[in-house]
Each structure stands twice: as structure tokens, then as C-alpha cells.
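Pasting coords-v2.txt here (compact mmCIF, C-alpha atoms and all ligand atoms):
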# COMPACT_ATOMS: atom_id res chain seq x y z
CA MET A 786 -17.94 -3.91 22.79
CA ASP A 787 -14.33 -4.39 21.66
CA LEU A 788 -13.43 -5.61 18.18
CA THR A 789 -12.82 -9.22 19.25
CA ALA A 790 -16.22 -9.46 20.89
CA ARG A 791 -17.88 -7.76 17.92
CA ALA A 792 -16.28 -10.23 15.50
CA ALA A 793 -17.42 -13.16 17.63
CA LYS A 794 -20.96 -11.79 17.82
CA LEU A 795 -21.18 -11.13 14.07
CA ASP A 796 -19.85 -14.61 13.29
CA ALA A 797 -22.25 -16.22 15.76
CA GLU A 798 -25.18 -14.50 14.03
CA ASP A 799 -24.00 -15.42 10.52
CA PRO A 800 -26.56 -17.60 8.68
CA LEU A 801 -23.84 -18.76 6.26
CA ALA A 802 -21.30 -19.78 8.92
CA HIS A 803 -21.82 -23.50 8.36
CA LEU A 804 -20.57 -23.23 4.77
CA ARG A 805 -16.95 -22.58 5.72
CA ALA A 806 -16.54 -26.25 6.65
CA GLU A 807 -17.30 -27.13 3.02
CA PHE A 808 -14.04 -25.50 1.94
CA ASP A 809 -10.55 -26.94 2.13
CA LEU A 810 -8.60 -24.01 3.55
CA PRO A 811 -5.20 -24.35 5.23
CA PRO A 812 -5.55 -23.87 9.01
CA GLY A 813 -4.02 -20.61 10.21
CA THR A 814 -4.31 -18.88 6.84
CA VAL A 815 -6.63 -15.93 6.34
CA TYR A 816 -7.59 -16.06 2.70
CA LEU A 817 -8.71 -12.73 1.29
CA ASP A 818 -8.08 -13.35 -2.39
CA GLY A 819 -11.22 -15.21 -3.37
CA ASN A 820 -11.92 -12.35 -5.80
CA SER A 821 -8.97 -13.58 -7.82
CA LEU A 822 -8.96 -17.33 -7.16
CA GLY A 823 -11.75 -18.81 -5.06
CA ALA A 824 -10.96 -21.51 -2.50
CA PRO A 825 -11.57 -25.21 -3.23
CA LEU A 826 -14.70 -26.96 -2.03
CA ARG A 827 -13.85 -30.24 -0.33
CA ARG A 828 -16.34 -32.05 -2.53
CA VAL A 829 -14.44 -31.08 -5.69
CA ALA A 830 -11.39 -33.25 -4.92
CA ASP A 831 -13.63 -36.29 -4.40
CA GLN A 832 -15.64 -35.56 -7.52
CA MET A 833 -12.50 -35.17 -9.61
CA GLN A 834 -11.29 -38.56 -8.44
CA ARG A 835 -14.58 -40.06 -9.57
CA VAL A 836 -14.56 -38.23 -12.89
CA VAL A 837 -11.02 -39.35 -13.69
CA ARG A 838 -11.42 -42.92 -12.48
CA GLU A 839 -15.01 -43.72 -13.38
CA GLN A 840 -15.84 -41.44 -16.31
CA TRP A 841 -12.55 -40.91 -18.09
CA GLY A 842 -10.98 -44.18 -16.97
CA GLY A 843 -14.04 -46.41 -16.71
CA ARG A 844 -16.12 -45.21 -19.60
CA LEU A 845 -13.36 -43.75 -21.78
CA ILE A 846 -14.68 -42.07 -24.92
CA ARG A 847 -18.24 -43.20 -24.20
CA SER A 848 -18.41 -40.44 -21.60
CA TRP A 849 -18.81 -37.84 -24.34
CA SER A 850 -22.32 -39.13 -24.93
CA GLU A 851 -22.92 -39.75 -21.23
CA GLY A 852 -22.99 -36.13 -20.11
CA TRP A 853 -19.74 -34.55 -21.22
CA TRP A 854 -20.83 -32.98 -24.50
CA GLU A 855 -23.87 -31.32 -22.88
CA ALA A 856 -21.92 -30.06 -19.86
CA PRO A 857 -21.42 -26.45 -21.10
CA ARG A 858 -25.18 -25.97 -21.25
CA ARG A 859 -25.91 -27.98 -18.10
CA VAL A 860 -23.41 -26.03 -16.01
CA GLY A 861 -24.73 -22.82 -17.55
CA GLU A 862 -28.17 -23.70 -16.20
CA ARG A 863 -26.68 -23.97 -12.72
CA ILE A 864 -25.19 -20.49 -12.99
CA ALA A 865 -28.33 -18.94 -14.49
CA PRO A 866 -30.18 -18.46 -11.16
CA LEU A 867 -27.17 -16.57 -9.81
CA LEU A 868 -27.52 -14.18 -12.75
CA GLY A 869 -31.27 -13.74 -12.55
CA ALA A 870 -31.57 -15.57 -15.87
CA ALA A 871 -34.26 -17.98 -16.98
CA PRO A 872 -33.03 -21.28 -18.46
CA GLY A 873 -31.52 -21.48 -21.92
CA GLN A 874 -29.45 -18.30 -21.90
CA VAL A 875 -26.14 -19.21 -20.27
CA VAL A 876 -23.37 -21.42 -21.58
CA VAL A 877 -20.03 -22.18 -19.93
CA ALA A 878 -17.12 -22.24 -22.35
CA ASP A 879 -13.70 -20.76 -22.98
CA SER A 880 -12.27 -17.89 -20.97
CA THR A 881 -13.81 -14.54 -20.16
CA SER A 882 -11.48 -12.91 -22.67
CA VAL A 883 -12.66 -15.24 -25.45
CA ASN A 884 -16.31 -14.71 -24.53
CA LEU A 885 -15.77 -10.95 -24.57
CA PHE A 886 -14.53 -11.32 -28.11
CA LYS A 887 -17.57 -13.35 -29.15
CA ALA A 888 -20.00 -10.97 -27.42
CA LEU A 889 -18.47 -7.76 -28.78
CA VAL A 890 -18.22 -8.94 -32.38
CA ALA A 891 -21.77 -10.29 -32.21
CA ALA A 892 -23.00 -6.98 -30.75
CA VAL A 893 -21.30 -5.00 -33.52
CA ARG A 894 -22.91 -7.28 -36.10
CA LEU A 895 -26.30 -6.56 -34.55
CA ALA A 896 -25.85 -2.85 -35.33
CA PRO A 897 -24.41 -2.66 -38.85
CA GLY A 898 -24.69 1.12 -39.27
CA ARG A 899 -23.17 2.09 -35.94
CA ARG A 900 -19.48 2.94 -35.76
CA GLU A 901 -18.49 3.07 -32.11
CA ILE A 902 -17.56 0.62 -29.39
CA VAL A 903 -17.46 2.21 -25.95
CA VAL A 904 -15.54 0.76 -23.00
CA ASP A 905 -15.45 2.08 -19.48
CA ALA A 906 -12.15 3.80 -18.84
CA ALA A 907 -11.37 1.90 -15.63
CA THR A 908 -11.93 -1.51 -17.22
CA PHE A 909 -9.98 -4.63 -16.39
CA PRO A 910 -7.21 -4.64 -19.04
CA THR A 911 -8.27 -7.74 -20.96
CA ASP A 912 -11.64 -6.13 -21.77
CA GLY A 913 -9.89 -3.08 -23.21
CA TYR A 914 -7.43 -5.18 -25.19
CA ILE A 915 -10.16 -7.34 -26.67
CA ALA A 916 -12.35 -4.33 -27.47
CA THR A 917 -9.41 -2.70 -29.27
CA SER A 918 -8.91 -5.81 -31.34
CA VAL A 919 -12.63 -6.08 -32.11
CA ALA A 920 -12.69 -2.43 -33.21
CA GLU A 921 -9.74 -3.05 -35.55
CA LEU A 922 -11.17 -6.24 -36.99
CA THR A 923 -14.66 -4.84 -37.55
CA GLY A 924 -13.59 -1.38 -38.72
CA ARG A 925 -15.15 0.36 -35.73
CA VAL A 926 -13.83 3.14 -33.52
CA LEU A 927 -13.07 2.47 -29.87
CA ARG A 928 -13.94 5.11 -27.32
CA THR A 929 -13.23 4.96 -23.62
CA ALA A 930 -15.37 6.83 -21.15
CA ASP A 931 -15.90 7.01 -17.45
CA ALA A 932 -19.12 5.20 -16.53
CA ASP A 933 -20.40 8.48 -15.04
CA GLU A 934 -19.87 10.26 -18.35
CA LEU A 935 -21.68 7.72 -20.50
CA PRO A 936 -24.73 9.89 -21.25
CA ALA A 937 -22.51 12.46 -22.92
CA VAL A 938 -20.74 9.85 -25.01
CA LEU A 939 -23.61 7.68 -26.21
CA GLY A 940 -25.43 8.45 -29.41
CA ASP A 941 -26.85 7.02 -32.57
CA GLY A 942 -23.34 5.97 -33.62
CA THR A 943 -22.84 3.72 -30.60
CA ALA A 944 -23.00 0.03 -31.41
CA VAL A 945 -22.10 -1.49 -28.06
CA VAL A 946 -20.95 -0.51 -24.58
CA LEU A 947 -18.77 -2.82 -22.50
CA LEU A 948 -18.98 -2.22 -18.76
CA ASN A 949 -17.43 -3.86 -15.68
CA HIS A 950 -20.06 -4.29 -13.01
CA VAL A 951 -17.54 -4.07 -10.17
CA ASP A 952 -14.27 -2.20 -10.72
CA TYR A 953 -11.52 -4.75 -10.08
CA ARG A 954 -9.18 -2.15 -8.64
CA THR A 955 -11.38 -0.08 -6.33
CA GLY A 956 -14.34 -2.40 -5.78
CA ARG A 957 -16.81 0.23 -6.96
CA LEU A 958 -20.15 -1.23 -8.08
CA HIS A 959 -21.85 0.32 -11.09
CA ASP A 960 -25.59 0.76 -11.31
CA MET A 961 -26.57 -1.94 -13.78
CA ALA A 962 -30.20 -0.87 -14.05
CA ALA A 963 -29.47 2.79 -14.77
CA LEU A 964 -26.55 2.16 -17.14
CA THR A 965 -28.34 -0.56 -19.08
CA ALA A 966 -31.32 1.76 -19.52
CA ARG A 967 -29.02 4.55 -20.71
CA VAL A 968 -27.30 2.36 -23.27
CA HIS A 969 -30.65 1.13 -24.52
CA ALA A 970 -32.00 4.67 -24.74
CA ALA A 971 -29.21 5.32 -27.27
CA GLY A 972 -30.31 2.25 -29.22
CA ALA A 973 -27.05 0.42 -28.43
CA ARG A 974 -26.29 -2.96 -26.85
CA VAL A 975 -24.64 -3.50 -23.52
CA VAL A 976 -22.14 -6.20 -22.55
CA TRP A 977 -21.61 -6.55 -18.80
CA ASP A 978 -18.45 -8.08 -17.36
CA LEU A 979 -19.67 -9.76 -14.18
CA CYS A 980 -16.35 -11.28 -13.03
CA HIS A 981 -16.42 -9.46 -9.69
CA SER A 982 -20.15 -9.52 -9.07
CA VAL A 983 -21.33 -13.05 -9.81
CA GLY A 984 -21.66 -14.87 -6.50
CA VAL A 985 -21.49 -11.52 -4.71
CA LEU A 986 -24.94 -9.99 -5.02
CA PRO A 987 -28.29 -10.89 -6.53
CA LEU A 988 -28.23 -10.13 -10.26
CA ALA A 989 -31.28 -9.56 -12.46
CA LEU A 990 -30.10 -9.80 -16.06
CA ASP A 991 -33.49 -10.82 -17.45
CA ALA A 992 -35.45 -8.24 -15.48
CA LEU A 993 -33.11 -5.44 -16.55
CA GLY A 994 -33.14 -6.51 -20.21
CA VAL A 995 -29.36 -6.90 -20.33
CA ASP A 996 -28.24 -7.92 -23.81
CA LEU A 997 -25.05 -9.86 -23.21
CA ALA A 998 -22.86 -10.71 -20.25
CA VAL A 999 -19.69 -12.63 -19.46
CA GLY A 1000 -17.92 -13.59 -16.27
CA CYS A 1001 -15.25 -15.72 -14.62
CA THR A 1002 -16.11 -18.77 -12.57
CA TYR A 1003 -12.80 -19.12 -10.74
CA LYS A 1004 -13.37 -16.18 -8.40
CA PHE A 1005 -16.47 -16.07 -6.19
CA LEU A 1006 -17.86 -19.22 -7.85
CA ASN A 1007 -14.81 -21.24 -6.75
CA GLY A 1008 -14.58 -23.23 -9.97
CA GLY A 1009 -10.82 -23.65 -9.73
CA PRO A 1010 -7.83 -22.17 -11.56
CA GLY A 1011 -8.68 -21.63 -15.21
CA ALA A 1012 -12.27 -22.84 -14.83
CA PRO A 1013 -14.19 -21.89 -17.98
CA ALA A 1014 -16.16 -18.67 -18.09
CA PHE A 1015 -19.85 -18.09 -18.80
CA LEU A 1016 -21.61 -16.26 -21.58
CA TYR A 1017 -25.16 -14.94 -21.28
CA VAL A 1018 -27.13 -14.10 -24.41
CA ARG A 1019 -30.65 -12.80 -23.87
CA ARG A 1020 -33.08 -15.24 -25.41
CA ASP A 1021 -34.61 -12.90 -28.00
CA LEU A 1022 -31.14 -11.99 -29.30
CA GLN A 1023 -29.98 -15.55 -29.73
CA GLU A 1024 -31.26 -16.06 -33.26
CA ALA A 1025 -29.33 -13.02 -34.46
CA PHE A 1026 -26.30 -13.71 -32.24
CA ASP A 1027 -23.60 -14.18 -34.86
CA GLN A 1028 -20.42 -14.87 -32.99
CA PRO A 1029 -17.15 -15.01 -34.90
CA LEU A 1030 -15.57 -18.20 -33.50
CA SER A 1031 -17.48 -20.66 -35.64
CA GLY A 1032 -15.99 -23.83 -34.24
CA TRP A 1033 -17.78 -27.14 -34.51
CA GLY A 1034 -18.84 -26.95 -30.84
CA GLY A 1035 -21.36 -24.25 -31.73
CA HIS A 1036 -22.63 -26.09 -34.82
CA ARG A 1037 -26.25 -27.18 -35.02
CA GLU A 1038 -25.19 -30.76 -35.70
CA PRO A 1039 -21.58 -31.08 -34.64
CA PHE A 1040 -21.42 -34.82 -35.18
CA ALA A 1041 -22.79 -34.58 -38.71
CA MET A 1042 -19.31 -33.27 -39.60
CA ALA A 1043 -20.88 -31.22 -42.40
CA PRO A 1044 -18.68 -29.01 -44.58
CA ASP A 1045 -20.54 -25.76 -43.80
CA TYR A 1046 -21.10 -24.02 -40.52
CA VAL A 1047 -24.68 -23.76 -39.33
CA PRO A 1048 -25.01 -22.28 -35.84
CA ALA A 1049 -26.88 -24.16 -33.13
CA GLU A 1050 -30.33 -22.87 -32.38
CA GLY A 1051 -30.06 -21.56 -28.84
CA ILE A 1052 -27.35 -20.51 -26.44
CA GLU A 1053 -25.21 -23.43 -27.66
CA ARG A 1054 -24.12 -21.26 -30.56
CA GLY A 1055 -21.94 -19.48 -28.03
CA ARG A 1056 -19.70 -22.54 -27.88
CA CYS A 1057 -16.61 -23.01 -30.02
CA GLY A 1058 -14.42 -26.10 -29.58
CA THR A 1059 -14.16 -29.12 -27.31
CA PRO A 1060 -15.16 -28.26 -23.75
CA ASP A 1061 -12.55 -28.36 -21.01
CA ILE A 1062 -14.27 -31.25 -19.24
CA LEU A 1063 -12.15 -31.63 -16.13
CA SER A 1064 -12.42 -27.94 -15.27
CA LEU A 1065 -16.05 -27.81 -16.24
CA LEU A 1066 -16.95 -30.76 -14.01
CA ALA A 1067 -14.90 -29.34 -11.14
CA LEU A 1068 -16.94 -26.15 -11.51
CA GLU A 1069 -20.18 -28.12 -11.66
CA SER A 1070 -19.31 -29.78 -8.39
CA ALA A 1071 -18.29 -26.46 -6.79
CA LEU A 1072 -21.61 -24.89 -7.79
CA GLU A 1073 -23.51 -27.35 -5.60
CA VAL A 1074 -22.57 -25.24 -2.59
CA TRP A 1075 -25.04 -22.59 -3.81
CA ASP A 1076 -28.06 -24.87 -3.46
CA GLY A 1077 -30.26 -23.34 -0.80
CA VAL A 1078 -28.03 -20.27 -0.36
CA ALA A 1079 -29.90 -16.97 -0.58
CA LEU A 1080 -27.93 -14.35 -2.47
CA ALA A 1081 -29.44 -11.72 -0.19
CA ASP A 1082 -27.62 -13.39 2.73
CA VAL A 1083 -24.41 -13.51 0.71
CA ARG A 1084 -24.72 -9.83 -0.07
CA ALA A 1085 -25.53 -8.88 3.52
CA LYS A 1086 -22.55 -10.82 4.82
CA GLY A 1087 -20.20 -9.38 2.19
CA LEU A 1088 -21.22 -5.86 3.17
CA SER A 1089 -20.86 -6.72 6.84
CA LEU A 1090 -17.37 -8.24 6.38
CA THR A 1091 -16.10 -5.32 4.33
CA ASP A 1092 -17.65 -2.74 6.68
CA PHE A 1093 -16.14 -4.48 9.67
CA PHE A 1094 -12.70 -4.72 8.04
CA VAL A 1095 -12.72 -0.99 7.28
CA GLU A 1096 -13.87 -0.31 10.84
CA CYS A 1097 -10.99 -2.41 12.23
CA VAL A 1098 -8.45 -0.77 9.93
CA THR A 1099 -9.71 2.69 10.89
CA GLU A 1100 -9.60 1.90 14.60
CA LEU A 1101 -6.26 0.09 14.66
CA LEU A 1102 -4.14 2.09 12.22
CA PRO A 1103 -2.94 5.65 12.81
CA PRO A 1104 -5.03 8.21 10.90
CA GLY A 1105 -3.89 8.59 7.30
CA ALA A 1106 -1.80 5.38 7.30
CA VAL A 1107 -3.83 4.05 4.36
CA GLU A 1108 -6.48 5.52 2.08
CA VAL A 1109 -9.66 3.50 1.62
CA LEU A 1110 -10.40 3.47 -2.13
CA THR A 1111 -13.54 1.37 -1.96
CA PRO A 1112 -16.79 3.33 -1.66
CA ARG A 1113 -18.20 3.35 1.87
CA ASP A 1114 -21.81 3.14 0.78
CA GLU A 1115 -23.39 0.07 -0.81
CA ARG A 1116 -22.05 0.89 -4.25
CA ARG A 1117 -19.27 -1.65 -3.88
CA GLY A 1118 -18.48 -5.31 -4.36
CA HIS A 1119 -16.98 -7.62 -1.75
CA GLN A 1120 -13.47 -6.25 -1.68
CA VAL A 1121 -11.67 -3.51 0.16
CA SER A 1122 -8.88 -1.66 -1.62
CA LEU A 1123 -6.44 0.35 0.45
CA ARG A 1124 -3.89 2.69 -1.01
CA HIS A 1125 -0.41 2.72 0.52
CA PRO A 1126 2.84 3.93 -1.11
CA ASP A 1127 4.65 0.66 -0.24
CA ALA A 1128 1.69 -1.55 -1.09
CA GLU A 1129 3.74 -4.20 -2.86
CA ALA A 1130 6.18 -4.71 0.03
CA VAL A 1131 3.34 -4.57 2.55
CA MET A 1132 1.38 -7.27 0.71
CA THR A 1133 4.49 -9.46 0.42
CA GLU A 1134 4.89 -9.25 4.19
CA LEU A 1135 1.20 -9.89 4.85
CA ILE A 1136 1.36 -13.02 2.70
CA ALA A 1137 4.49 -14.14 4.57
CA ARG A 1138 2.34 -13.88 7.71
CA GLU A 1139 -0.41 -15.98 6.11
CA VAL A 1140 -2.81 -13.13 5.39
CA ILE A 1141 -3.35 -13.50 1.67
CA GLY A 1142 -4.67 -10.58 -0.32
CA ASP A 1143 -3.14 -9.12 -3.45
CA PHE A 1144 -1.34 -6.10 -4.81
CA ARG A 1145 -2.45 -4.11 -7.81
CA SER A 1146 0.02 -1.72 -9.35
CA PRO A 1147 1.08 0.86 -8.42
CA ASP A 1148 -0.07 1.23 -4.83
CA VAL A 1149 -3.21 -0.79 -4.09
CA LEU A 1150 -3.62 -3.45 -1.39
CA ARG A 1151 -6.65 -5.52 -2.32
CA PHE A 1152 -8.59 -7.70 0.11
CA GLY A 1153 -11.44 -9.86 -1.17
CA PHE A 1154 -14.13 -11.11 1.20
CA ALA A 1155 -15.84 -14.25 -0.04
CA PRO A 1156 -18.90 -14.60 2.20
CA LEU A 1157 -19.12 -18.39 1.91
CA TYR A 1158 -15.86 -18.93 3.79
CA VAL A 1159 -14.47 -15.70 5.26
CA THR A 1160 -15.36 -14.72 8.83
CA HIS A 1161 -15.37 -11.47 10.76
CA ALA A 1162 -12.62 -12.97 12.91
CA ASP A 1163 -10.55 -13.29 9.70
CA ALA A 1164 -11.21 -9.64 8.91
CA LEU A 1165 -10.05 -8.58 12.36
CA HIS A 1166 -6.96 -10.81 12.19
CA ALA A 1167 -6.08 -9.30 8.79
CA ALA A 1168 -6.46 -5.75 10.10
CA ARG A 1169 -4.29 -6.55 13.15
CA THR A 1170 -1.62 -8.14 10.97
CA LEU A 1171 -1.68 -5.13 8.66
CA THR A 1172 -1.20 -2.89 11.70
CA ASP A 1173 1.79 -4.98 12.83
CA VAL A 1174 3.33 -4.90 9.36
CA LEU A 1175 2.97 -1.14 9.04
CA GLU A 1176 4.41 -0.58 12.53
CA ALA A 1177 7.42 -2.81 11.85
C1 LIG B 1201 -13.15 -7.94 -14.72
C2 LIG B 1201 -12.34 -9.06 -15.29
N1 LIG B 1201 -12.52 -9.41 -16.59
C3 LIG B 1201 -11.81 -10.42 -17.12
C4 LIG B 1201 -10.86 -11.11 -16.38
C5 LIG B 1201 -10.00 -12.17 -16.97
O1 LIG B 1201 -10.55 -13.04 -17.79
P1 LIG B 1201 -9.83 -14.38 -18.27
O2 LIG B 1201 -10.55 -15.47 -17.57
O3 LIG B 1201 -9.99 -14.38 -19.72
O4 LIG B 1201 -8.40 -14.34 -17.83
C6 LIG B 1201 -10.67 -10.80 -15.02
C7 LIG B 1201 -9.70 -11.51 -14.16
O5 LIG B 1201 -8.69 -12.02 -14.54
C8 LIG B 1201 -11.42 -9.74 -14.50
O6 LIG B 1201 -11.23 -9.38 -13.23
N1 LIG B 1202 -7.04 -14.76 -13.64
C1 LIG B 1202 -5.94 -14.55 -12.89
C2 LIG B 1202 -4.80 -15.34 -13.12
O1 LIG B 1202 -4.84 -16.29 -14.08
C3 LIG B 1202 -3.66 -15.12 -12.37
C4 LIG B 1202 -3.66 -14.15 -11.41
C5 LIG B 1202 -4.75 -13.37 -11.16
C6 LIG B 1202 -5.88 -13.56 -11.94
C7 LIG B 1202 -7.05 -12.72 -11.74
O2 LIG B 1202 -8.11 -13.21 -11.82
C8 LIG B 1202 -6.88 -11.29 -11.50
C9 LIG B 1202 -8.20 -10.66 -11.25
N2 LIG B 1202 -9.10 -10.78 -12.35
C10 LIG B 1202 -8.17 -9.22 -10.81
O3 LIG B 1202 -9.23 -8.73 -10.51
O4 LIG B 1202 -7.16 -8.58 -10.73

Would you write the structure of this file as C-alpha cells?
Amino acid sequence: MDLTARAAKLDAEDPLAHLRAEFDLPPGTVYLDGNSLGAPLRRVADQMQRVVREQWGGRLIRSWSEGWWEAPRRVGERIAPLLGAAPGQVVVADSTSVNLFKALVAAVRLAPGRREIVVDAATFPTDGYIATSVAELTGRVLRTADADELPAVLGDGTAVVLLNHVDYRTGRLHDMAALTARVHAAGARVVWDLCHSVGVLPLALDALGVDLAVGCTYKFLNGGPGAPAFLYVRRDLQEAFDQPLSGWGGHREPFAMAPDYVPAEGIERGRCGTPDILSLLALESALEVWDGVALADVRAKGLSLTDFFVECVTELLPPGAVEVLTPRDERRGHQVSLRHPDAEAVMTELIAREVIGDFRSPDVLRFGFAPLYVTHADALHAARTLTDVLEA
């Protein structure tokens, strides 16, 4: 069967195919950057009209007591099933960077005698920057280590280990079960950055005993540009979770306006200031698309799309034209990273031809495959366009 027929067959068999119509994508564009900014759900534009007109406009400040103030927790409960988390452990607030700061400081405070913060060497930069700052502020030492070398690095001086579940550059997926167990065996806490894995594969934070986790909602969760991030704090750690940004939003009785800070009892203590309501409610609306969607189907389709894209690239391009950086086995997220010496110019030309991926310095072409709206036909079209660009 040729590639066109294979794409058609795979798309015809896709149990998630009906979901593409829920998204507002420009016709003729192949969008392979949902791992950086997810596409808009059609329902979000309508919901935002209602929120602005009826809630903000119609109810004015009364809306704060009609569902706005509780939204960080309520939206967190919608994300929890995607994380394998029971209720009461996820709050949506601030950015991933800010939540990393809260989680790392809190983790250090949980282990007063331990001197080291460990970060995986390939981390997304913001994680490394924040960890550096946390180490300086708390008088700890920062160590970087390859995730494969963790056992040699961990010890009774390790306070916390910050790991990216999926490597943003290569798409490599780390073994959360094994690494969490290793960190715990050293008596340390783990913070997982789930930016590139939430909405990609079934997660099991509770079952694996993960301590803390953070993640973006504007990628595979399609919350919209700058949508607030989530913070997971395992229930039994919440009472001791002493996060440093003691804003009134995390206070036990924010509207008592008391002079002293007393943290809220549960996950709400992860909050800080006034929630970003418009973004939060856009995210809440976007999350409705997950109702009835099985993450196992999402995972299977993501693997199928990425496999098929690599197959197309391998068949259409001359041997050696690009190097596939993403692992070929299942230890990967839903992106394909290709190395090419002129990656930046190549991506510029692909985007000019309406195939939108992204470029990561110095030489990586990155293609994200969001299973809710990308098709195998898109993957084939992208591979053909890449072939044309490289031939030109
Ligand atoms: C792994 C990872 N962590 C963190 C971030 C960024 O977080 P923030 O929302 O604070 O910009 C990103 C993407 O920008 C990311 O890919
Ligand atoms: N958050 C982003 C932004 O505000 C602008 C451009 C890109 C982003 C991204 O999300 C980058 C992304 N985290 C990455 O994996 O490279």
C-alpha cells in the first residue's frame, strides 16, 4: 500500500477522528506545533463571549463569589484525571516557572538537613534557571545530572530532584516509575515537569507516589496562550507543603484580610494572588473536549502519527538527509525531532508553506503531533513538504 492509501486507512480507523471538528484550525494549514501552543477549541470563543458579556459584564464583581474565586481548584479537578490524581491535589495557578519555584522551595523545606538540589542536565531552561535561584536563596547546592546517571548522584544529601518527563528537544520520555522509585530510595523528593506529557499519555501520579508535579496547560491541553499552569501536591504532603509565595490567594481565610499569613488547608495553599480568570475559564472550556476521551487512545494515536511521520520521512528523503533524534521505541512523547544543519531556514520555509512546526537551536526541526486534531494525512503532507523544501 502506498503512503497516501496508508494515511487514509489509518485516519479511517482512528477512534478520535471526530474530535478534529471541535478545533478551529485554518483550512490548508498543517499544524504540528501543539506541543508549544495547542490549537483553539471552537467552544472556547463562544464561552469567552459569554464570560465577558454575562459574567464580567452582567454580574460584575459579584462573579467572584459566583464561581471565579474557586476556579483554580475546580479547573484543577478537571485536570486531575489526566494526571492519575484523586481529587484535592491539583490547583491551576500562575505559570509553570512560578509553580516550579513554589514546588522546589517547598521540597527543600521538607528536607532541612539535605544540601543538594538535582536537575536533569537536558532540562527545559526555565527549570534550570529556577532551580539555580532556589539553590541560591535556600543555601543549597545545585547539581545537574543525566537522568541515566541519577543513581550515582543521589544520596543522603539529596533534598529534591527535578525531572522533565519528556525532553522538550528530543522528545525522549523518561521512566517515571523507575526514576521516582530511585529518588525515593535515596530519601529525597521528586518534582516532575509534565509540560510535554500531560494530555499525551496516561499518567499515574498517585499510583507512583510522586511527590510534586507541575505542567503547562497551553500545549496539549489547548488552554490558550499563557493559560495558567497546574501544580500537583500529593495529599499526605500538603500539610507540610510550605511554599514561599505567601500571597493572600493561598490564605486559609483570604477575605478575613487578617494581618498574618495562615496557609489554606489543602491544595489551595499552592495559590498565590488573584487568579487569571479569563485564561482560567478559557482553559476550563477547552478541557471539556477530554470528557469521554480515553488516554490510551490518545497515546496509541500519538505513537501511530509519529511512527508514520518517521516512516514517510525515511521513505521520501534521501538517506542521511536528516537525523531522527526522537527515540524509535515507545520511550518518547508525541513529537518528532529531526536534526538538519540548516534547520532554522528549513523551518522558516516549511512555515511559509503552511506546515507549522518549530526550530530549536542550533539544528533541530521539531514537529508536535497532537492526537486530538492531527491526522496521518497531515503527517504525510508535512513529510512531502519537507522533501520539497530540502530538494529546492
Ligand atoms: C518542559 C517545560 N517546562 C516549562 C516551560 C515553560 O513554562 P512557563 O509556562 O513558565 O513559560 C515549558 C515551555 O515553555 C516547557 O516546555
Ligand atoms: N511558552 C512558549 C511561549 O510563550 C512562546 C514560545 C514558545 C513557548 C513554548 O512553550 C516553548 C516550549 N515549551 C518548548 O518546548 O520549547

At a cut-off of 12 Å, can you tabulate as a Markdown table every residue of range 869-954 of chain A near range 1022-1039 of chain A together with its closest atom pair and the distance in Å to one decimal, using all atoms listed in the file and ordering rows by chain then number?
| residue | atom | partner | partner_atom | distance |
| --- | --- | --- | --- | --- |
| A:Gly873 | CA | A:Gln1023 | CA | 9.9 |
| A:Gln874 | CA | A:Gln1023 | CA | 8.3 |
| A:Val875 | CA | A:Gln1023 | CA | 10.8 |
| A:Val876 | CA | A:Gly1035 | CA | 10.7 |
| A:Val877 | CA | A:Gly1034 | CA | 12.0 |
| A:Ala878 | CA | A:Gly1034 | CA | 9.9 |
| A:Asp879 | CA | A:Leu1030 | CA | 11.0 |
| A:Val883 | CA | A:Leu1030 | CA | 9.1 |
| A:Asn884 | CA | A:Gln1028 | CA | 9.4 |
| A:Leu885 | CA | A:Gln1028 | CA | 10.4 |
| A:Phe886 | CA | A:Pro1029 | CA | 8.2 |
| A:Lys887 | CA | A:Gln1028 | CA | 5.0 |
| A:Ala888 | CA | A:Gln1028 | CA | 6.8 |
| A:Leu889 | CA | A:Gln1028 | CA | 8.5 |
| A:Val890 | CA | A:Gln1028 | CA | 6.4 |
| A:Ala891 | CA | A:Gln1028 | CA | 4.8 |
| A:Ala892 | CA | A:Phe1026 | CA | 7.6 |
| A:Val893 | CA | A:Asp1027 | CA | 9.6 |
| A:Arg894 | CA | A:Asp1027 | CA | 7.0 |
| A:Leu895 | CA | A:Ala1025 | CA | 7.1 |
| A:Ala896 | CA | A:Ala1025 | CA | 10.8 |
| A:Val919 | CA | A:Pro1029 | CA | 10.4 |
| A:Leu922 | CA | A:Pro1029 | CA | 10.8 |
| A:Thr923 | CA | A:Pro1029 | CA | 10.8 |

9 Å shell around ligand LIG 1201 (chain B) using only C-alpha atoms and all ligand atoms, listed as JSON, numbers by chain: {"A": [820, 821, 879, 880, 881, 882, 883, 884, 885, 908, 909, 910, 911, 912, 949, 950, 951, 952, 953, 954, 978, 979, 980, 981, 999, 1000, 1001, 1002, 1003, 1004, 1011, 1012, 1013, 1014]}

Please compute the CA of Tyr1046 in chain A-CA of Gly924 in chain A distance, one decimal, in Å.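 Separating CA of Tyr1046 in chain A from CA of Gly924 in chain A is a distance of 23.9 Å.
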
A:Ala1079, A:Leu1016, A:Val1121, A:Met1132 ranked by distance to Ile864 in chain A, top pick (using all atoms listed in the file):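 With all atoms listed in the file as the atom set, the closest residue is A:Leu1016.
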
Between atom C5 of ligand LIG 1202 (chain B) and CA of Arg1151 in chain A, measure the distance and give it in Å to one decimal. 12.0 Å

Of A:Arg928, A:Arg805, A:Arg899, A:Arg967, the one nearest to Thr943 in chain A when counting only C-alpha atoms is A:Arg899

Give me the residues near Thr814 in chain A as a short mmCIF file (atom, residue, chain, number, x, y, z; two decimals) with C-alpha atoms, keeping the file's coordinate frame, where near means some atom within 7 Å (using all atoms listed in the file) and where sequence neighbours in that chain fewer than 2 positions away do not count.
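Okay, this is what ended up in around_6.cif:
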data_model
loop_
_atom_site.label_atom_id
_atom_site.label_comp_id
_atom_site.auth_asym_id
_atom_site.auth_seq_id
_atom_site.Cartn_x
_atom_site.Cartn_y
_atom_site.Cartn_z
CA PRO A 811 -5.20 -24.35 5.23
CA PRO A 812 -5.55 -23.87 9.01
CA TYR A 816 -7.59 -16.06 2.70
CA GLU A 1139 -0.41 -15.98 6.11
CA VAL A 1140 -2.81 -13.13 5.39
#

Pairwise distance for CA of Asp931 in chain A and CA of Ile915 in chain A, rounded to one decimal in Å: 18.0 Å
